[in-house]
Structures are given as structure tokens and as C-alpha cells.
Amino acid sequence: MKISPHPDWATRFRKPGTELRLINGYYYLYSVSTAWDKVTKTSKKITGKLLGKITEKDGFVESDKMKLRRKHSLESYNLAVREFGASDFIFTNYKDILEKLNNFFPDNWLEIACMAFFRLAYQSPIKNLQHYYEHSYLSVLNEKTKITDKKISAMLRYIGKNRKLSVEFMKSFSRIGDYVLIDMTNVITKSKHIDLAAVGYNSKREYDPQVNLMLIYSSTLNEPVYYRIVPGNIREVKSFELSLLESGINDAILIADKGFVSEKNIAGLDESALRYILPLRRNSTLIDYTPLAVESKRNMHGYFKFEDRYIWYHQKLHDKKNIIIYLDDKLKSEEETDYLDRVSSHPENYAIEEFKEKYVAMGTVTVITNITDMTAEDIFAAYKTRYKIEQMIDVMKNIVESDKTYMQDADALEGWFFVNYVALLFYFRIYKLLVNKKMLSKCSVKDLITFLTEIKKVKIDDTWHLAEINSKNQKLYDKLDIYIT
């Protein structure tokens, strides 16, 4: 039996895979391993990292570097990482939405809110919602709440079968002094089992089965206040009437696009109680451009300033309706320059004779309206707010990616649209924050959500800690008064 030259108090710390060394009168413990040497055809010892120092008084004392390595080793260190920043921001700042969800969906409000958040942050399809939940700090805060495919399907059907709860949720938001804009957009569906889905034509020249989504936007709240799904082959005035009836909104203005304008639809609107402002195509026979032919503008009825541009207008009554031509001289100059450039660069496609024919209508927007208690300036301002509807539709289709759905029944489809509607509410709340802080030109809603999702919570030895935050992003959060703790 080989007797060790080292004392027992030192050798007792020597384990397999370690080596004891005496250096300058002190004992040190190193890790060791073996490797095959292809040249000598033998195994050789490889001395690894210093593990620590051994003294008779203190025994084994781990080295500082080993402590650091062990601290950051996932094999020996209990560490977990979860998304925290974006979900904390949403659930902290928009509690009124969460409270209303809780009022109308007490058994499912948290799941709805989480799903809406994942739709907004990641455009997550249903199959990935559980994944995002398990990788979010929301799952830590709500350990008893589980989000699974089976639970999601049952919940969406419950929401769909109880449309009245969704409507009451939408009605619960204040509408004092409100005035709303309504429009409709198509949503393609791949399901063959939804009665609402029907082949319908849309602006992309697609004839796939689709449903139409009615959206109502509040110009007072600057956010959506209502949605309704209607059959994909119906784009009639009756749909607007029924939507307003269900929403409980009395004073609404329909501001549709030029594609909606037809003699049939205008007649239908006149028969209904709907107020409307509809844009006319420049070649519409309802427009008389004669007053614009006089350069002195002596035939114009007035002007006003809109967003630092002077707008002239001429209005006339036609069959108890107002037809108002608006002229923007700056826009007219831009269109004139653009067209003449095309005549010069592409004479095969553009001719000076056509320019002369089109010139009188350049720089104009003409609307037909049955509203008589608003000025021409107010009607123009209302019409220009249409971009908010277009923005809302763009968000619905591109940001939360709801323009196609694979739902297999109408109830689930209704529930899925409600989840996306809540995501839309979150989006416009953030949008208003950026507008109010004058930061929209520097940061989009999508940018902010992306930055916030990068803020993590880290679990170290059973305790959760806020991870480091990018200094550049922190400056942005400070400007927006966003505090993640």
C-alpha cells in the first residue's frame, strides 16, 4: 500500500478527477482529466482549473474564480429566464381593460388578457400560445393558471357562444361626447365549416372564402370601440345599421372608401338613419368642376387652414345632400409636377392633352354627405380622420395578423376575434402614449413592444431578479415614463 507524503487533512479533499499539489508550502486542489495522445499512443494527464486552496485550519476553500464559474454554470446553478418587461407594462398600465375583462369573463379574463398580449407581442398563432405563456413571467405570477390548446379551444367557443358578454364589454368604455367612424374589411378564412364564410371580392382581387369584419373607431377615445363579423359576400347598408343597433351607438358617421360609393348604397343610406361622408371619384358625374376654372377663386365659398395648409371649398345642394369640393393648392402643384414629369419621361403612356383634361380636378377631394349641422371645415376634418380607421385595419391585419384564420367553427372564430380586439385595444393605448409624449416619429408601437420583451426576469437560487436593461432603451423608457421594476 502506497503511503501518501501529504497529511490526511489535505488528502481527504482529493476526489476522483482532482489532483493535490503542494506549492510553496501550501496545498492546492486542481481538476484533472486524461486524453489519448495519438503520437505516443498512450493516455496523458491534463491538469485543469484551480478548484481551491486547502489548509489544516479551514479545510478546502473554493477559489474566487471557481465560485464565479459555478455561479454561471447552468449544470450546477438553478437559473431560469422569463420575458417580463412588455407583459409587466401592459398588465400594470392598462388595468381598466383587465378589470372590465374580469367583470364580464371572471373565469377566463386572465387567459384572454395573456392571449391578447401574445398576439400583440409575437403575433402568436394558437398553437404557440402555451409556449409563450410558459416563457413569460406571467406564468410565474399565475402558477395556477394553465394555457393549453384544449383549454384555449373551449374558452374561445365559450366567448363565441356568449357574444352578448363581448358586446357589453365594448359598451362599458366611456363614450361621453363621442363620435365614431365605421368601416368594414375582409378577413380570409380557410375553414370549410363556417357558415359566415362566403366567396367575396376584395381589393386584392381575391375570391377566397372570407368573412367581413365591421369595425367602429372612436375619434374621441382614439381607439376601437366595437367589432362585428358579417358574412363575406355582404357589404350592404343593413350591416351598418345592425352593427350600430347592437353597439348602442347613436351618433355615428359612416366614412367609407370610394369602393363603397354607388347609387344603390347612397340610396340605402338615405333611407336609413345613418349619417355619412363619402368620397367621390374625380370622374364622378355628380361633380361640377366649373367653379374651379376661375383662377381668382371668386366662385369658391371659403377657405380654412388644415394642418398648415389652406383648403378652399365649394359646396352645393344635390337632392337634399351636400356635395363639397375641397381644393388644396399645394397638392395641386405636386400633382401637376408629377404628371408633367411623366409626360416628359413616358410620352408613350402620358399625353399633354390628358393633362389638360385632368388639370381642373387636380388637388381636389370631393365628398357627398347628408350632414347639414356641420361646417365644410368640420366635415373635411371628419373625413380626414378616416386614416385612423385605415390605421386600425392595418394593425388588425398586419400587426396582430388577423387577416387569415383557420378556425373550424363560427363560435371559435367569434372568440378569436374578441381576443384580437383586446390586442387592438392594447395597441392603441400604446399608440396614444407615443403620440402624447411626441415620440411616435422615433419609436413605433411595434418597436416599443419589441424592446420591452427583451427585459427579462432571471431566477437565481429560487429568487427572481430583474435582468440588466439596455442603456439606450432605458433612456427611451424614461422619456415615456415607463418604469419596469
# chains A, B, ... in the order shown; residues from 1 in each chain; ligands from 1
>>> select_by_dssp(residues="segment 31-197 of chain A", states="strand (DSSP E)", output="NGL selection string")
:A and (31-37 or 42-55 or 59-62 or 79-83 or 180-189)
>>> residues_around(residues="Ala467 of chain A", least_positions_apart="4", cutoff="7 Å", atoms="only C-alpha atoms", output="list of chain:residue names")
A:Ile455, A:Lys456, A:Lys457, A:Val458
>>> closest_residue(among="A:Ile484, A:Leu413, A:Thr364, A:Ser247", to="Asp288 of chain A", atoms="only C-alpha atoms")
A:Thr364
>>> closest_residue(among="A:Tyr94, A:Tyr427, A:Phe89, A:Tyr158", to="Asp481 of chain A", atoms="only C-alpha atoms")
A:Phe89
>>> residues_around(residues="Tyr133 of chain A", least_positions_apart="2", cutoff="9 Å", atoms="only C-alpha atoms", output="PDB file with C-alpha atoms, in the first residue's frame")
ATOM      1  CA  CYS A 114     -52.473  36.805 -21.832  1.00  0.00           C
ATOM      2  CA  MET A 115     -53.509  35.589 -25.273  1.00  0.00           C
ATOM      3  CA  PHE A 118     -49.030  37.287 -27.039  1.00  0.00           C
ATOM      4  CA  ASN A 128     -47.739  28.705 -29.850  1.00  0.00           C
ATOM      5  CA  LEU A 129     -49.685  30.488 -27.103  1.00  0.00           C
ATOM      6  CA  GLN A 130     -48.778  27.871 -24.484  1.00  0.00           C
ATOM      7  CA  HIS A 131     -45.094  28.210 -25.404  1.00  0.00           C
ATOM      8  CA  HIS A 135     -41.662  31.586 -21.238  1.00  0.00           C
ATOM      9  CA  SER A 136     -43.300  34.659 -19.728  1.00  0.00           C
ATOM     10  CA  TYR A 137     -43.167  35.806 -16.114  1.00  0.00           C
ATOM     11  CA  LEU A 138     -46.974  35.818 -16.307  1.00  0.00           C
ATOM     12  CA  SER A 139     -46.839  32.041 -15.773  1.00  0.00           C
ATOM     13  CA  LYS A 146     -52.616  26.986 -17.350  1.00  0.00           C
ATOM     14  CA  ILE A 147     -52.884  27.794 -21.048  1.00  0.00           C
TER      15      ILE A 147
END
>>> atom_distance(atom1="atom CA of Arg14 of chain A", atom2="atom CA of Ile54 of chain A")
10.1 Å
>>> residues_around(residues="Lys15 of chain A", least_positions_apart="6", cutoff="12 Å", atoms="only C-alpha atoms", output="VMD selection string")
chain A and resid 29 to 32 51
>>> closest_residue(among="A:Phe426, A:Tyr276, A:Glu454, A:Ala293", to="Val367 of chain A", atoms="only C-alpha atoms")
A:Tyr276
>>> residues_around(residues="Leu331 of chain A", least_positions_apart="3", cutoff="12 Å", atoms="only C-alpha atoms", output="PyMOL selection string")
chain A and resi 309-312+326-328+334-338+359+361-365
